[in-house]
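As structure tokens, the structure follows; a few thoughts come after it.
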Amino acid sequence: MSTFDKIFENNAHWIEQKLTLDPGYFEQLAKGQAPEILYIGCSDSRVTAEDLMGVQPGEVFVHRNIANMVISIDMNVMSVVNYAIRHLKVKQVVVCGHYFCGGVKAAMQSSDLGILNPWLRNIRDVYRLHKTELNNLTDEGERYNRLVELNVQEQCVNLIKTAVVQQAYKERGLSVHGWVFDVHSGKLIDLKIDFPKILAEIMEIYRII
Ligand code: CO
């Protein structure tokens with residue numbers, strides 16, 4: 001059986017399962033969405049958003065790109081962030097990176113990756129910002145893992161720089177979280193990013209509202 005045939009067969013089974021548990025499942029799903037979380041993760045096929053969080057359709061608004069980046073001039077991520085916060089009124093925004101991230105790995109190497117260069121340069125900027133800490137790590141694996149974590153942290157900072165996040169924080173206590181998924185163990189790790197502290201530190205420069 002081809003992969004495609006299998007997918008459609010899986011889908012038929014999934015519908016059956018859902019309807020057995022709740023005959024009105026899809027009718028309910030069609031009514032609309034009210035997710036409480038916006039999840040920004042990596043496109044990596046191993047890092048499936050809903051699966052690793054054990055959530056159902058309708059529970060999490062998802063955006064994925066290479067290396068879970070939040071870039072202020074990327075209309076795609078910015079549209080998602082604005083829609084999720086202003087219209088869906090999510091309560092939490094999560095940036096989830098993962099160890100063994102190919103995008104982060106590529107940014108650590110000196111190679112010309114064509115159209116990916118400007119995208120990956122944002123990760124190189126994270127490296128430059130935290131160069132002292134990273135260069136102090138002699139083990140390459142540790143440095144790689146740490147850059148994954150610092151990249152998540154900086155993407156959270158990028159979120160905090162936006163007007164939409166600053167406004168929702170002030171008005172209704174929206175919060176931003178940084179997580180890392182450990183592909184090796186399957187564990188989801190909360191980096192416990194101190195959102196109010198970061199906000200206080202960067203507001204001197206990035207206050208918009
Ligand atoms: Co990745």
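In the structure tokens, the first chain shown is A, the next is B, and so on; residue numbers restart at 1 for each chain, and ligands run from 1 in the order shown.
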Show me a table, sorted first by chain and then by increasing residue number, of the residues of chain A having an atom at most 10 Å from ligand 1, each with its shortest atom pair and the distance in Å to one decimal, counting only C-alpha atoms and all ligand atoms and written as CSV.
residue,atom,partner,partner_atom_place_in_ligand_line,distance
A:Gly41,CA,ligand 1,1 (Co),8.0
A:Cys42,CA,ligand 1,1 (Co),4.7
A:Ser43,CA,ligand 1,1 (Co),6.3
A:Asp44,CA,ligand 1,1 (Co),5.0
A:Ser45,CA,ligand 1,1 (Co),8.6
A:Arg46,CA,ligand 1,1 (Co),8.7
A:Val47,CA,ligand 1,1 (Co),7.8
A:Arg64,CA,ligand 1,1 (Co),9.6
A:Asn65,CA,ligand 1,1 (Co),8.2
A:Ile66,CA,ligand 1,1 (Co),5.8
A:Ala67,CA,ligand 1,1 (Co),4.4
A:Asn68,CA,ligand 1,1 (Co),7.1
A:Met69,CA,ligand 1,1 (Co),9.9
A:Cys96,CA,ligand 1,1 (Co),9.6
A:Gly97,CA,ligand 1,1 (Co),6.7
A:His98,CA,ligand 1,1 (Co),6.1
A:Tyr99,CA,ligand 1,1 (Co),7.6
A:Phe100,CA,ligand 1,1 (Co),7.0
A:Cys101,CA,ligand 1,1 (Co),3.6
A:Gly102,CA,ligand 1,1 (Co),5.2
A:Gly103,CA,ligand 1,1 (Co),5.4
A:Val104,CA,ligand 1,1 (Co),6.9
A:Lys105,CA,ligand 1,1 (Co),8.7
A:Val148,CA,ligand 1,1 (Co),8.8
A:Phe181,CA,ligand 1,1 (Co),9.9
Please give the complete set of residues from chain A that DSSP, run on the backbone, assigns to alpha helix (DSSP H), formatted as a PyMOL selection string. chain A and resi 3-21+25-30+49-53+75-82+102-107+117-129+131-135+140-160+163-172+195-206
When you count only C-alpha atoms, which of these residues is closest to Pro57 (chain A): A:Tyr127, A:Val77, A:Lys18, A:Leu88?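 Distance minimum relative to Pro57 (chain A) lands on A:Lys18.
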Please identify the strand (DSSP E) residues within region 3-197 of chain A (assignment by DSSP from backbone atoms) and present them as a ChimeraX atom specification. /A:37-42,60-65,92-98,175-182,187-190
Given only C-alpha atoms as the counted atoms, nearest of A:Gln17, A:Leu191, A:Met108, A:Asn136 to Glu149 (chain A): A:Leu191
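Atom to atom, CA of Lys192 (chain A) and CA of Leu174 (chain A) stand 15.4 Å apart.
When only C-alpha atoms are used to compute distances to Val81 (chain A), the closest of the residues A:Arg146, A:Lys170, A:His63, A:Arg128 turns out to be A:His63.
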Just want the 12 Å neighbourhood of Arg86 (chain A), counted on only C-alpha atoms, with same-chain residues fewer than 2 positions away dropped. Output as a compact mmCIF listing (two decimals) with N, CA, C and O atoms, in the first residue's frame.
# COMPACT_ATOMS: atom_id res chain seq x y z
N LEU A 38 -1.35 29.52 21.43
CA LEU A 38 -0.71 29.61 20.11
C LEU A 38 0.64 28.93 20.25
O LEU A 38 1.44 29.27 21.12
N MET A 78 3.85 36.70 11.49
CA MET A 78 3.22 37.87 12.11
C MET A 78 1.71 37.86 11.94
O MET A 78 0.97 38.30 12.82
N SER A 79 1.23 37.34 10.80
CA SER A 79 -0.22 37.23 10.60
C SER A 79 -0.80 36.23 11.58
O SER A 79 -1.86 36.47 12.18
N VAL A 80 -0.11 35.12 11.77
CA VAL A 80 -0.57 34.10 12.70
C VAL A 80 -0.62 34.67 14.12
O VAL A 80 -1.62 34.50 14.83
N VAL A 81 0.45 35.35 14.52
CA VAL A 81 0.53 35.92 15.87
C VAL A 81 -0.60 36.94 16.09
O VAL A 81 -1.31 36.90 17.10
N ASN A 82 -0.78 37.81 15.13
CA ASN A 82 -1.81 38.84 15.25
C ASN A 82 -3.21 38.24 15.28
O ASN A 82 -4.05 38.63 16.08
N TYR A 83 -3.47 37.29 14.39
CA TYR A 83 -4.79 36.67 14.35
C TYR A 83 -5.07 35.91 15.65
O TYR A 83 -6.15 36.03 16.23
N ALA A 84 -4.09 35.15 16.09
CA ALA A 84 -4.28 34.33 17.29
C ALA A 84 -4.53 35.20 18.53
O ALA A 84 -5.38 34.89 19.36
N LEU A 88 -8.52 35.42 18.03
CA LEU A 88 -8.86 34.20 18.78
C LEU A 88 -8.69 34.41 20.28
O LEU A 88 -9.18 33.64 21.08
N LYS A 89 -7.95 35.47 20.61
CA LYS A 89 -7.72 35.82 22.02
C LYS A 89 -7.08 34.68 22.83
O LYS A 89 -7.54 34.34 23.93
N VAL A 90 -6.04 34.08 22.26
CA VAL A 90 -5.33 33.02 22.98
C VAL A 90 -4.76 33.61 24.28
O VAL A 90 -4.48 34.80 24.35
N LYS A 91 -4.59 32.73 25.28
CA LYS A 91 -4.11 33.20 26.58
C LYS A 91 -2.60 33.04 26.72
O LYS A 91 -1.97 33.70 27.52
N ALA A 163 3.86 44.86 19.19
CA ALA A 163 2.80 45.65 19.81
C ALA A 163 1.66 44.76 20.27
O ALA A 163 1.10 44.95 21.35
N VAL A 164 1.33 43.78 19.46
CA VAL A 164 0.18 42.93 19.78
C VAL A 164 0.39 42.17 21.09
O VAL A 164 -0.53 42.05 21.91
N VAL A 165 1.61 41.69 21.33
CA VAL A 165 1.90 40.97 22.58
C VAL A 165 1.92 41.94 23.75
O VAL A 165 1.34 41.67 24.80
N GLN A 166 2.56 43.07 23.58
CA GLN A 166 2.64 44.06 24.66
C GLN A 166 1.24 44.52 25.09
O GLN A 166 0.94 44.63 26.28
N GLN A 167 0.39 44.73 24.10
CA GLN A 167 -0.97 45.19 24.38
C GLN A 167 -1.78 44.10 25.11
O GLN A 167 -2.43 44.38 26.12
N ALA A 168 -1.70 42.87 24.61
CA ALA A 168 -2.48 41.78 25.21
C ALA A 168 -1.97 41.45 26.62
O ALA A 168 -2.74 41.03 27.48
N TYR A 169 -0.68 41.65 26.83
CA TYR A 169 -0.11 41.42 28.17
C TYR A 169 -0.70 42.43 29.15
O TYR A 169 -1.15 42.09 30.24
N GLU A 171 -3.45 44.32 28.77
CA GLU A 171 -4.91 44.28 28.89
C GLU A 171 -5.47 43.03 29.56
O GLU A 171 -6.45 43.08 30.27
N ARG A 172 -4.84 41.87 29.25
CA ARG A 172 -5.47 40.64 29.78
C ARG A 172 -4.47 39.58 30.22
O ARG A 172 -4.79 38.41 30.34
N LEU A 174 -1.73 38.18 28.86
CA LEU A 174 -1.19 37.17 27.95
C LEU A 174 0.24 36.80 28.36
O LEU A 174 1.00 37.68 28.79
Which is closest to Val93 (chain A) among A:Val183, A:Val70, A:Leu113, A:Val126, if we use only C-alpha atoms? A:Val70
Nearest candidate to Leu120 (chain A) (options A:Gly178, A:Cys156, A:Asn151, A:Ile208; using only C-alpha atoms):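 Closest to Leu120 (chain A), using only C-alpha atoms: A:Asn151.
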One decimal, in Å: what's the spacing between CA of Leu52 (chain A) and CA of Lys6 (chain A)?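 Result for CA of Leu52 (chain A) versus CA of Lys6 (chain A): 21.7 Å, one decimal.
Residue nearest Asp194 (chain A), chosen from A:Ile209, A:Val180, A:Val157, A:Ile123 and counting only C-alpha atoms: A:Val157.
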Quick one: pull the distance between CA of Leu159 (chain A) and CA of Gly54 (chain A), Å, one decimal.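 That distance, rounded to one decimal, is 24.8 Å.
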